[in-house]
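Asks: Hey, dropping query-v9.txt in here, compact mmCIF, C-alpha atoms:
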# COMPACT_ATOMS: atom_id res chain seq x y z
CA MET A 153 -4.89 13.69 -22.53
CA ARG A 154 -7.24 11.25 -20.82
CA LYS A 155 -5.51 9.02 -18.31
CA GLU A 156 -5.77 5.29 -19.05
CA ARG A 157 -8.34 3.68 -16.75
CA ARG A 158 -7.35 0.94 -14.37
CA ARG A 159 -9.71 -1.90 -15.14
CA SER A 160 -11.11 -4.43 -12.70
CA GLY A 161 -9.80 -7.94 -13.29
CA HIS A 162 -12.94 -9.62 -11.95
CA PRO A 163 -14.08 -12.17 -14.55
CA THR A 164 -17.64 -10.84 -14.66
CA ASP A 165 -16.45 -7.25 -15.06
CA ARG A 166 -14.30 -8.45 -17.95
CA LEU A 167 -17.34 -10.26 -19.37
CA ILE A 168 -19.39 -7.04 -19.26
CA ARG A 169 -16.64 -5.15 -21.07
CA GLU A 170 -16.32 -7.92 -23.66
CA LEU A 171 -20.07 -7.95 -24.33
CA ILE A 172 -20.05 -4.19 -24.85
CA GLN A 173 -16.95 -4.27 -27.05
CA THR A 174 -18.06 -7.15 -29.27
CA GLY A 175 -21.82 -6.69 -29.27
CA ARG A 176 -22.27 -10.45 -29.20
CA PRO A 177 -25.48 -11.85 -27.73
CA ALA A 178 -25.34 -12.77 -24.04
CA GLN A 179 -26.43 -16.16 -22.79
CA GLN A 180 -28.89 -16.36 -19.89
CA GLY A 181 -26.14 -17.76 -17.66
CA GLU A 182 -23.98 -14.72 -18.41
CA ILE A 183 -26.86 -12.37 -17.65
CA ASN A 184 -27.34 -14.13 -14.31
CA LEU A 185 -23.62 -13.76 -13.56
CA ILE A 186 -23.75 -10.03 -14.28
CA LEU A 187 -26.78 -9.48 -12.07
CA GLU A 188 -25.19 -11.45 -9.24
CA ARG A 189 -21.96 -9.49 -9.60
CA MET A 190 -23.84 -6.18 -9.49
CA ALA A 191 -25.92 -7.24 -6.49
CA THR A 192 -22.89 -8.24 -4.44
CA ALA A 193 -20.48 -5.49 -5.46
CA PRO A 194 -19.51 -2.80 -2.95
CA PHE A 195 -20.68 0.76 -3.30
CA ASP A 196 -17.99 3.21 -4.42
CA PRO A 197 -15.50 3.15 -1.48
CA ARG A 198 -13.85 6.48 -2.31
CA LEU A 199 -14.02 9.82 -0.64
CA VAL A 200 -15.69 11.99 -3.26
CA ARG A 201 -15.89 15.71 -3.82
CA VAL A 202 -19.08 17.35 -2.63
CA LEU A 203 -20.86 20.07 -4.59
CA THR A 204 -20.86 23.53 -3.05
CA ASP A 205 -24.57 23.64 -2.28
CA GLU A 206 -24.35 20.33 -0.43
CA LEU A 207 -21.69 21.50 2.01
CA GLY A 208 -22.96 21.86 5.56
CA LEU A 209 -26.09 19.77 5.06
CA SER A 210 -26.74 17.57 8.03
CA TYR A 211 -28.03 14.02 8.03
CA GLN A 212 -27.70 11.13 10.48
CA ASN A 213 -25.99 13.40 13.04
CA ARG A 214 -23.25 14.24 10.59
CA ILE A 215 -22.44 17.38 8.62
CA VAL A 216 -21.41 17.08 4.99
CA GLN A 217 -17.73 17.93 4.50
CA PRO A 218 -15.92 18.91 1.26
CA HIS A 219 -14.81 15.32 0.74
CA GLU A 220 -17.10 12.58 1.97
CA GLU A 221 -17.73 8.86 1.71
CA ALA A 222 -19.51 8.26 -1.58
CA LEU A 223 -22.33 6.24 -0.01
CA TYR A 224 -23.04 8.95 2.56
CA VAL A 225 -23.16 11.64 -0.13
CA HIS A 226 -25.40 9.41 -2.19
CA LEU A 227 -27.78 8.98 0.74
CA VAL A 228 -27.83 12.70 1.55
CA ARG A 229 -28.76 13.50 -2.04
CA ARG A 230 -31.47 10.86 -2.28
CA VAL A 231 -33.02 11.74 1.10
CA LEU A 232 -32.59 15.51 1.45
CA ALA A 233 -32.42 16.86 -2.10
CA ASP A 234 -34.55 14.35 -3.99
CA GLU A 235 -36.74 13.00 -1.15
CA GLN A 236 -36.81 9.66 -2.98
CA TRP A 237 -35.90 7.77 0.19
CA ALA A 238 -37.53 8.55 3.52
CA PHE A 239 -35.88 10.67 6.18
CA GLY A 240 -34.18 8.28 8.58
CA VAL A 241 -33.09 5.69 6.01
CA THR A 242 -29.51 4.59 6.72
CA GLN A 243 -26.60 3.85 4.41
CA ASP A 244 -27.06 0.12 4.95
CA GLN A 245 -30.77 0.32 4.12
CA ASP A 246 -30.10 2.45 1.06
CA LEU A 247 -27.53 -0.01 -0.28
CA ALA A 248 -29.78 -2.99 0.55
CA ASP A 249 -32.58 -1.40 -1.50
CA LEU A 250 -30.27 -0.95 -4.48
CA ARG A 251 -29.10 -4.55 -4.21
CA ARG A 252 -32.65 -5.86 -3.84
CA SER A 253 -33.69 -4.02 -6.99
CA ILE A 254 -30.94 -5.71 -9.01
CA ARG A 255 -32.13 -9.15 -7.89
CA ILE A 256 -35.78 -8.63 -8.78
CA ALA A 257 -36.77 -11.04 -11.55
CA SER A 258 -38.36 -8.31 -13.66
CA ALA A 259 -35.26 -6.08 -13.55
CA ARG A 260 -34.15 -4.90 -16.97
CA LEU A 261 -30.39 -4.99 -17.60
CA ALA A 262 -28.60 -2.46 -19.81
CA LEU A 263 -24.97 -2.39 -20.95
CA TYR A 264 -23.40 0.75 -22.39
CA GLN A 265 -20.35 2.99 -22.47
CA ARG A 266 -20.20 6.49 -21.00
CA ARG A 267 -17.11 8.70 -21.26
CA GLY A 268 -15.12 5.58 -22.14
CA GLY A 269 -16.31 3.77 -19.03
CA TYR A 270 -18.09 0.41 -19.21
CA ILE A 271 -21.43 0.42 -17.45
CA ALA A 272 -24.05 -2.15 -16.48
CA ALA A 273 -27.31 -0.82 -15.08
CA THR A 274 -30.66 -2.17 -13.99
CA LEU A 275 -34.11 -0.63 -14.19
CA THR A 276 -36.76 -1.90 -11.80
CA SER A 277 -40.13 -0.90 -10.48
CA THR A 278 -39.42 1.08 -7.30
CA ILE A 279 -42.31 -0.37 -5.32
CA HIS A 280 -40.94 -3.88 -5.86
CA ALA A 281 -37.51 -2.91 -4.50
CA VAL A 282 -38.07 -0.28 -1.83
CA SER A 283 -40.43 -0.87 1.07
CA ALA A 284 -43.19 1.67 1.68
CA ILE A 285 -41.49 2.75 4.89
CA ASN A 286 -38.23 3.49 3.05
CA ARG A 287 -39.85 5.35 0.17
CA GLY A 288 -39.70 9.11 0.44
CA LEU A 289 -42.48 11.60 -0.21
CA ARG A 290 -41.19 12.14 -3.76
CA SER A 291 -40.51 8.53 -4.62
CA LEU A 292 -40.67 7.89 -8.36
CA PRO A 293 -41.87 4.78 -10.24
CA GLN A 294 -38.58 3.45 -11.64
CA LEU A 295 -35.31 2.64 -9.87
CA TRP A 296 -32.05 2.85 -11.84
CA VAL A 297 -28.87 1.31 -10.42
CA VAL A 298 -25.53 1.92 -12.12
CA PHE A 299 -22.50 -0.38 -11.86
CA SER A 300 -19.03 0.41 -13.18
CA ALA A 301 -17.45 -2.63 -14.84
CA ASP A 302 -14.12 -0.80 -14.79
CA ARG A 303 -14.08 -0.27 -11.04
CA GLY A 304 -16.24 -3.21 -9.96
CA ILE A 305 -18.49 -1.01 -7.83
CA ILE A 306 -22.00 0.35 -7.66
CA VAL A 307 -21.65 4.02 -8.60
CA THR A 308 -25.13 5.35 -8.01
CA GLY A 309 -28.80 4.51 -7.84
CA TYR A 310 -31.80 6.78 -8.09
CA GLN A 311 -35.46 6.86 -8.94
CA VAL A 312 -36.82 8.33 -12.16
CA SER A 313 -40.29 9.25 -13.35
CA THR A 314 -40.17 7.24 -16.58
CA PRO A 315 -37.82 4.63 -18.09
CA GLY A 316 -36.82 7.20 -20.71
CA ALA A 317 -35.50 9.56 -18.05
CA VAL A 318 -32.33 7.54 -17.48
CA SER A 319 -30.60 9.21 -20.42
CA ILE A 320 -28.47 6.48 -21.97
CA PRO A 321 -26.69 6.24 -25.33
CA LYS A 322 -28.66 5.15 -28.40
CA ASP A 323 -26.48 2.05 -28.78
CA THR A 324 -27.23 0.80 -25.26
CA ARG A 325 -27.83 -2.95 -25.23
CA TRP A 326 -30.77 -4.22 -23.21
CA LEU A 327 -29.97 -7.82 -22.30
CA GLN A 328 -33.30 -8.43 -20.64
CA MET B 179 -59.61 15.85 -7.31
CA ALA B 180 -56.55 16.92 -5.36
CA SER B 181 -57.20 18.05 -1.80
CA VAL B 182 -56.07 21.46 -0.58
CA ALA B 183 -53.34 19.75 1.45
CA GLN B 184 -52.09 17.97 -1.67
CA GLN B 185 -52.08 21.23 -3.62
CA ILE B 186 -50.09 22.99 -0.91
CA ASP B 187 -47.68 20.04 -0.78
CA LEU B 188 -47.18 20.12 -4.55
CA ALA B 189 -46.66 23.88 -4.50
CA ALA B 190 -43.94 23.47 -1.87
CA TRP B 191 -42.29 20.72 -3.90
CA ILE B 192 -42.40 22.85 -7.04
CA ASP B 193 -40.66 25.65 -5.11
CA LYS B 194 -38.04 23.21 -3.87
CA SER B 195 -37.55 21.81 -7.38
CA LEU B 196 -37.06 25.32 -8.75
CA ASP B 197 -34.52 26.04 -5.99
CA TYR B 198 -32.77 22.74 -6.72
CA LEU B 199 -32.49 23.33 -10.46
CA MET B 200 -31.43 26.97 -10.12
CA SER B 201 -28.82 26.03 -7.56
CA ASN B 202 -27.49 23.30 -9.86
CA TRP B 203 -27.49 25.75 -12.74
CA ASP B 204 -25.59 28.28 -10.64
CA ASP B 205 -22.98 25.61 -9.83
CA ILE B 206 -22.19 24.96 -13.49
CA PRO B 207 -19.63 27.76 -14.01
CA GLU B 208 -17.71 26.66 -10.91
CA ILE B 209 -17.77 23.03 -12.02
CA ALA B 210 -16.74 23.95 -15.55
CA ALA B 211 -13.84 26.04 -14.25
CA ASP B 212 -12.62 23.19 -12.07
CA TRP B 213 -13.48 20.35 -14.49
CA ASP B 214 -9.88 19.81 -15.63
CA ASN B 215 -8.86 19.21 -12.02
CA TRP B 216 -11.46 16.47 -11.51
CA ASP B 217 -10.27 12.91 -11.98
CA GLU B 218 -12.03 10.83 -14.61
CA ASP B 219 -14.06 8.85 -12.07
CA ASP B 220 -15.48 12.05 -10.56
CA ARG B 221 -16.37 13.33 -14.02
CA LEU B 222 -18.07 10.09 -15.00
CA ASP B 223 -20.01 9.95 -11.72
CA PHE B 224 -21.22 13.51 -12.22
CA VAL B 225 -22.41 12.63 -15.74
CA LEU B 226 -24.10 9.44 -14.51
CA GLU B 227 -26.16 11.45 -12.00
CA TRP B 228 -27.01 14.27 -14.41
CA PRO B 229 -30.32 12.65 -15.54
CA LEU B 230 -31.73 13.42 -12.09
CA ARG B 231 -31.69 17.12 -12.98
CA GLU B 232 -33.21 16.51 -16.41
CA ASP B 233 -35.95 14.39 -14.90
CA ARG B 234 -36.74 17.09 -12.32
CA LEU B 235 -36.93 19.62 -15.17
CA HIS B 236 -39.31 17.36 -17.11
CA GLN B 237 -41.50 16.98 -14.04
CA LEU B 238 -41.66 20.76 -13.75
CA GLN B 239 -42.61 20.99 -17.42
CA ARG B 240 -45.45 18.52 -16.85
CA TRP B 241 -46.70 20.47 -13.83
CA GLN B 242 -46.56 23.62 -15.90
CA ILE B 243 -48.64 22.01 -18.67
CA ASP B 244 -51.13 20.81 -16.06
CA GLY B 245 -51.44 24.37 -14.73
CA ASN B 246 -49.93 23.62 -11.34
CA LEU B 247 -47.40 26.47 -11.27
CA SER B 248 -48.36 29.74 -9.60
CA ALA B 249 -47.64 33.06 -11.29
CA SER B 250 -44.45 33.53 -9.27
CA GLN B 251 -43.33 29.96 -9.98
CA LEU B 252 -43.99 30.47 -13.69
CA GLN B 253 -41.85 33.59 -13.58
CA ARG B 254 -38.97 31.67 -12.02
CA PHE B 255 -39.41 28.79 -14.45
CA ALA B 256 -39.45 30.98 -17.57
Show me, as structure tokens, the structure contained in the file I just sent.
Replies:
Amino acid sequence: MRKERRRSGHPTDRLIRELIQTGRPAQQGEINLILERMATAPFDPRLVRVLTDELGLSYQNRIVQPHEEALYVHLVRRVLADEQWAFGVTQDQDLADLRRSIRIASARLALYQRRGGYIAATLTSTIHAVSAINRGLRSLPQLWVVFSADRGIIVTGYQVSTPGAVSIPKDTRWLQ
Amino acid sequence: MASVAQQIDLAAWIDKSLDYLMSNWDDIPEIAADWDNWDEDDRLDFVLEWPLREDRLHQLQRWQIDGNLSASQLQRFA
């Protein structure tokens, strides 16, 4: 039996959930609130499990342990495995890039549900959000940032080759 | 026209992408066996990052169509 989720009580997180549940149109002011909430939310603060093949990788003078800070694991994946961000980019720089991408005027905003969780996500042109010096050798054209409206946190962010590569449900709502 | 250096660079990245996908594929049985022990947030986060693998696979497919895979890379990809 699936455990009932604890849901964030933040008014904007509740707004996101309500928009997904009801399907009602969002006003521009509400869209602005959601983007601001996403851009100022913390990254996942948990210690997360690390996949077997990531154990022992080393980055920023630190070796990946079985349970690690989510932002550090995120950075290791994006720099070492995906090479989307440049070697040397720090956790602060990584998070700043994700936040900058959310604030870009041309960012597209999607709302959807995944495994019962309420999600808001933005899709932006990578070159508008990530400086040339921070972009890795395998940087891709689109930047996707995922926010959990249940937990009130940024869950992940990564670059994809095409907008269609983000793999979202058919009933995803694009608010802008 | 791609320079020799670019071709070598792409070949290395194709090798790394094949390693990455095969390693992820090899992890699946272990993840599946342990899935019931994962909390729901971990499961959701894993699902939310899954498109990275699919996108890497699609990139490999495009390189294959463009004739960028060597014979040994094609063998691994098949």
Asks: Distance cut-off 10 Å, counting all atoms listed in the file - which residues of chain A neighbour chain B? Return them as an MDAnalysis selection string.
Replies: chainID A and resid 154:157 200:201 203:205 233:235 266:269 271 289:290 298 300 303 307:314 316:320
Asks: Output C-alpha atoms of each residue in that selection to a file, as an mmCIF file, in the coordinates of the input.
Replies:
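New file again.cif:
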data_model
loop_
_atom_site.group_PDB
_atom_site.id
_atom_site.type_symbol
_atom_site.label_atom_id
_atom_site.label_comp_id
_atom_site.auth_asym_id
_atom_site.auth_seq_id
_atom_site.Cartn_x
_atom_site.Cartn_y
_atom_site.Cartn_z
ATOM 1 C CA ARG A 154 -7.240 11.250 -20.820
ATOM 2 C CA LYS A 155 -5.510 9.020 -18.310
ATOM 3 C CA GLU A 156 -5.770 5.290 -19.050
ATOM 4 C CA ARG A 157 -8.340 3.680 -16.750
ATOM 5 C CA VAL A 200 -15.690 11.990 -3.260
ATOM 6 C CA ARG A 201 -15.890 15.710 -3.820
ATOM 7 C CA LEU A 203 -20.860 20.070 -4.590
ATOM 8 C CA THR A 204 -20.860 23.530 -3.050
ATOM 9 C CA ASP A 205 -24.570 23.640 -2.280
ATOM 10 C CA ALA A 233 -32.420 16.860 -2.100
ATOM 11 C CA ASP A 234 -34.550 14.350 -3.990
ATOM 12 C CA GLU A 235 -36.740 13.000 -1.150
ATOM 13 C CA ARG A 266 -20.200 6.490 -21.000
ATOM 14 C CA ARG A 267 -17.110 8.700 -21.260
ATOM 15 C CA GLY A 268 -15.120 5.580 -22.140
ATOM 16 C CA GLY A 269 -16.310 3.770 -19.030
ATOM 17 C CA ILE A 271 -21.430 0.420 -17.450
ATOM 18 C CA LEU A 289 -42.480 11.600 -0.210
ATOM 19 C CA ARG A 290 -41.190 12.140 -3.760
ATOM 20 C CA VAL A 298 -25.530 1.920 -12.120
ATOM 21 C CA SER A 300 -19.030 0.410 -13.180
ATOM 22 C CA ARG A 303 -14.080 -0.270 -11.040
ATOM 23 C CA VAL A 307 -21.650 4.020 -8.600
ATOM 24 C CA THR A 308 -25.130 5.350 -8.010
ATOM 25 C CA GLY A 309 -28.800 4.510 -7.840
ATOM 26 C CA TYR A 310 -31.800 6.780 -8.090
ATOM 27 C CA GLN A 311 -35.460 6.860 -8.940
ATOM 28 C CA VAL A 312 -36.820 8.330 -12.160
ATOM 29 C CA SER A 313 -40.290 9.250 -13.350
ATOM 30 C CA THR A 314 -40.170 7.240 -16.580
ATOM 31 C CA GLY A 316 -36.820 7.200 -20.710
ATOM 32 C CA ALA A 317 -35.500 9.560 -18.050
ATOM 33 C CA VAL A 318 -32.330 7.540 -17.480
ATOM 34 C CA SER A 319 -30.600 9.210 -20.420
ATOM 35 C CA ILE A 320 -28.470 6.480 -21.970
#
Asks: What's around Ala281 in chain A at 12 Å? Count all atoms listed in the file, leave out sequence neighbours fewer than 4 positions away in its own chain, and write the answer as an MDAnalysis selection string.
Replies: chainID A and resid 237 245:259 274:277 285:287 291:297 309:311
Asks: Could you give me, as number ranges by chain, the residues within 7 Å of range 189-196 of chain A, counting only C-alpha atoms and dropping anything in the same chain fewer than 2 positions from it?
Replies: A: 164, 185-187, 198, 222-223, 251, 254-255, 299, 304-307
Asks: If you measure from CA of Leu232 in chain A to CA of Glu220 in chain A, what distance in Å do you get, rounded to one decimal?
Replies: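 Separation of CA of Leu232 in chain A and CA of Glu220 in chain A: 15.8 Å.
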Asks: One decimal, Å: what's the distance from CA of Ile192 in chain B over to CA of Ala256 in chain B, could you say?
Replies: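 Interatomic distance here is 13.6 Å.
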Asks: Could you work out how far CA of Ala183 in chain B lies from CA of Asn246 in chain B, giving the answer in Å with one decimal?
Replies: 13.8 Å
Asks: Within 9 Å of (-20.8, -9.2, -19.3) (file coordinates; all atoms listed in the file), which protein or nucleic acid residues are there? I'd like them as a compact mmCIF listing (two decimals) with C-alpha atoms, in the coordinates of the input.
Replies:
# COMPACT_ATOMS: atom_id res chain seq x y z
CA PRO A 163 -14.08 -12.17 -14.55
CA THR A 164 -17.64 -10.84 -14.66
CA ASP A 165 -16.45 -7.25 -15.06
CA ARG A 166 -14.30 -8.45 -17.95
CA LEU A 167 -17.34 -10.26 -19.37
CA ILE A 168 -19.39 -7.04 -19.26
CA ARG A 169 -16.64 -5.15 -21.07
CA GLU A 170 -16.32 -7.92 -23.66
CA LEU A 171 -20.07 -7.95 -24.33
CA ILE A 172 -20.05 -4.19 -24.85
CA ALA A 178 -25.34 -12.77 -24.04
CA GLU A 182 -23.98 -14.72 -18.41
CA ILE A 183 -26.86 -12.37 -17.65
CA LEU A 185 -23.62 -13.76 -13.56
CA ILE A 186 -23.75 -10.03 -14.28
CA LEU A 263 -24.97 -2.39 -20.95
CA ALA A 272 -24.05 -2.15 -16.48
CA ALA A 301 -17.45 -2.63 -14.84
Asks: Draw an axis-aligned box tight on the listed atoms of range 204-213 of chain B, then pad every side by 3 Å and write out centre and edge lengths in Å to one decimal as JSON.
Replies:
{"center_x": -19.1, "center_y": 24.3, "center_z": -12.7, "size_x": 19.0, "size_y": 13.9, "size_z": 11.7}
Asks: Between B:Ala211, B:Ala189, B:Leu235, B:Met200, which residue has the minimum interatomic distance to Gln251 in chain B, considering only C-alpha atoms?
Replies: B:Ala189
Asks: Go through B:Leu196, B:Ala180, B:Leu238, B:Leu188 one by one, measure the shortest atom-to-atom distance of each to Arg254 in chain B using all atoms listed in the file, and give the residue with the smallest value.
Replies: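 Result for the nearest residue to Arg254 in chain B: B:Leu196.
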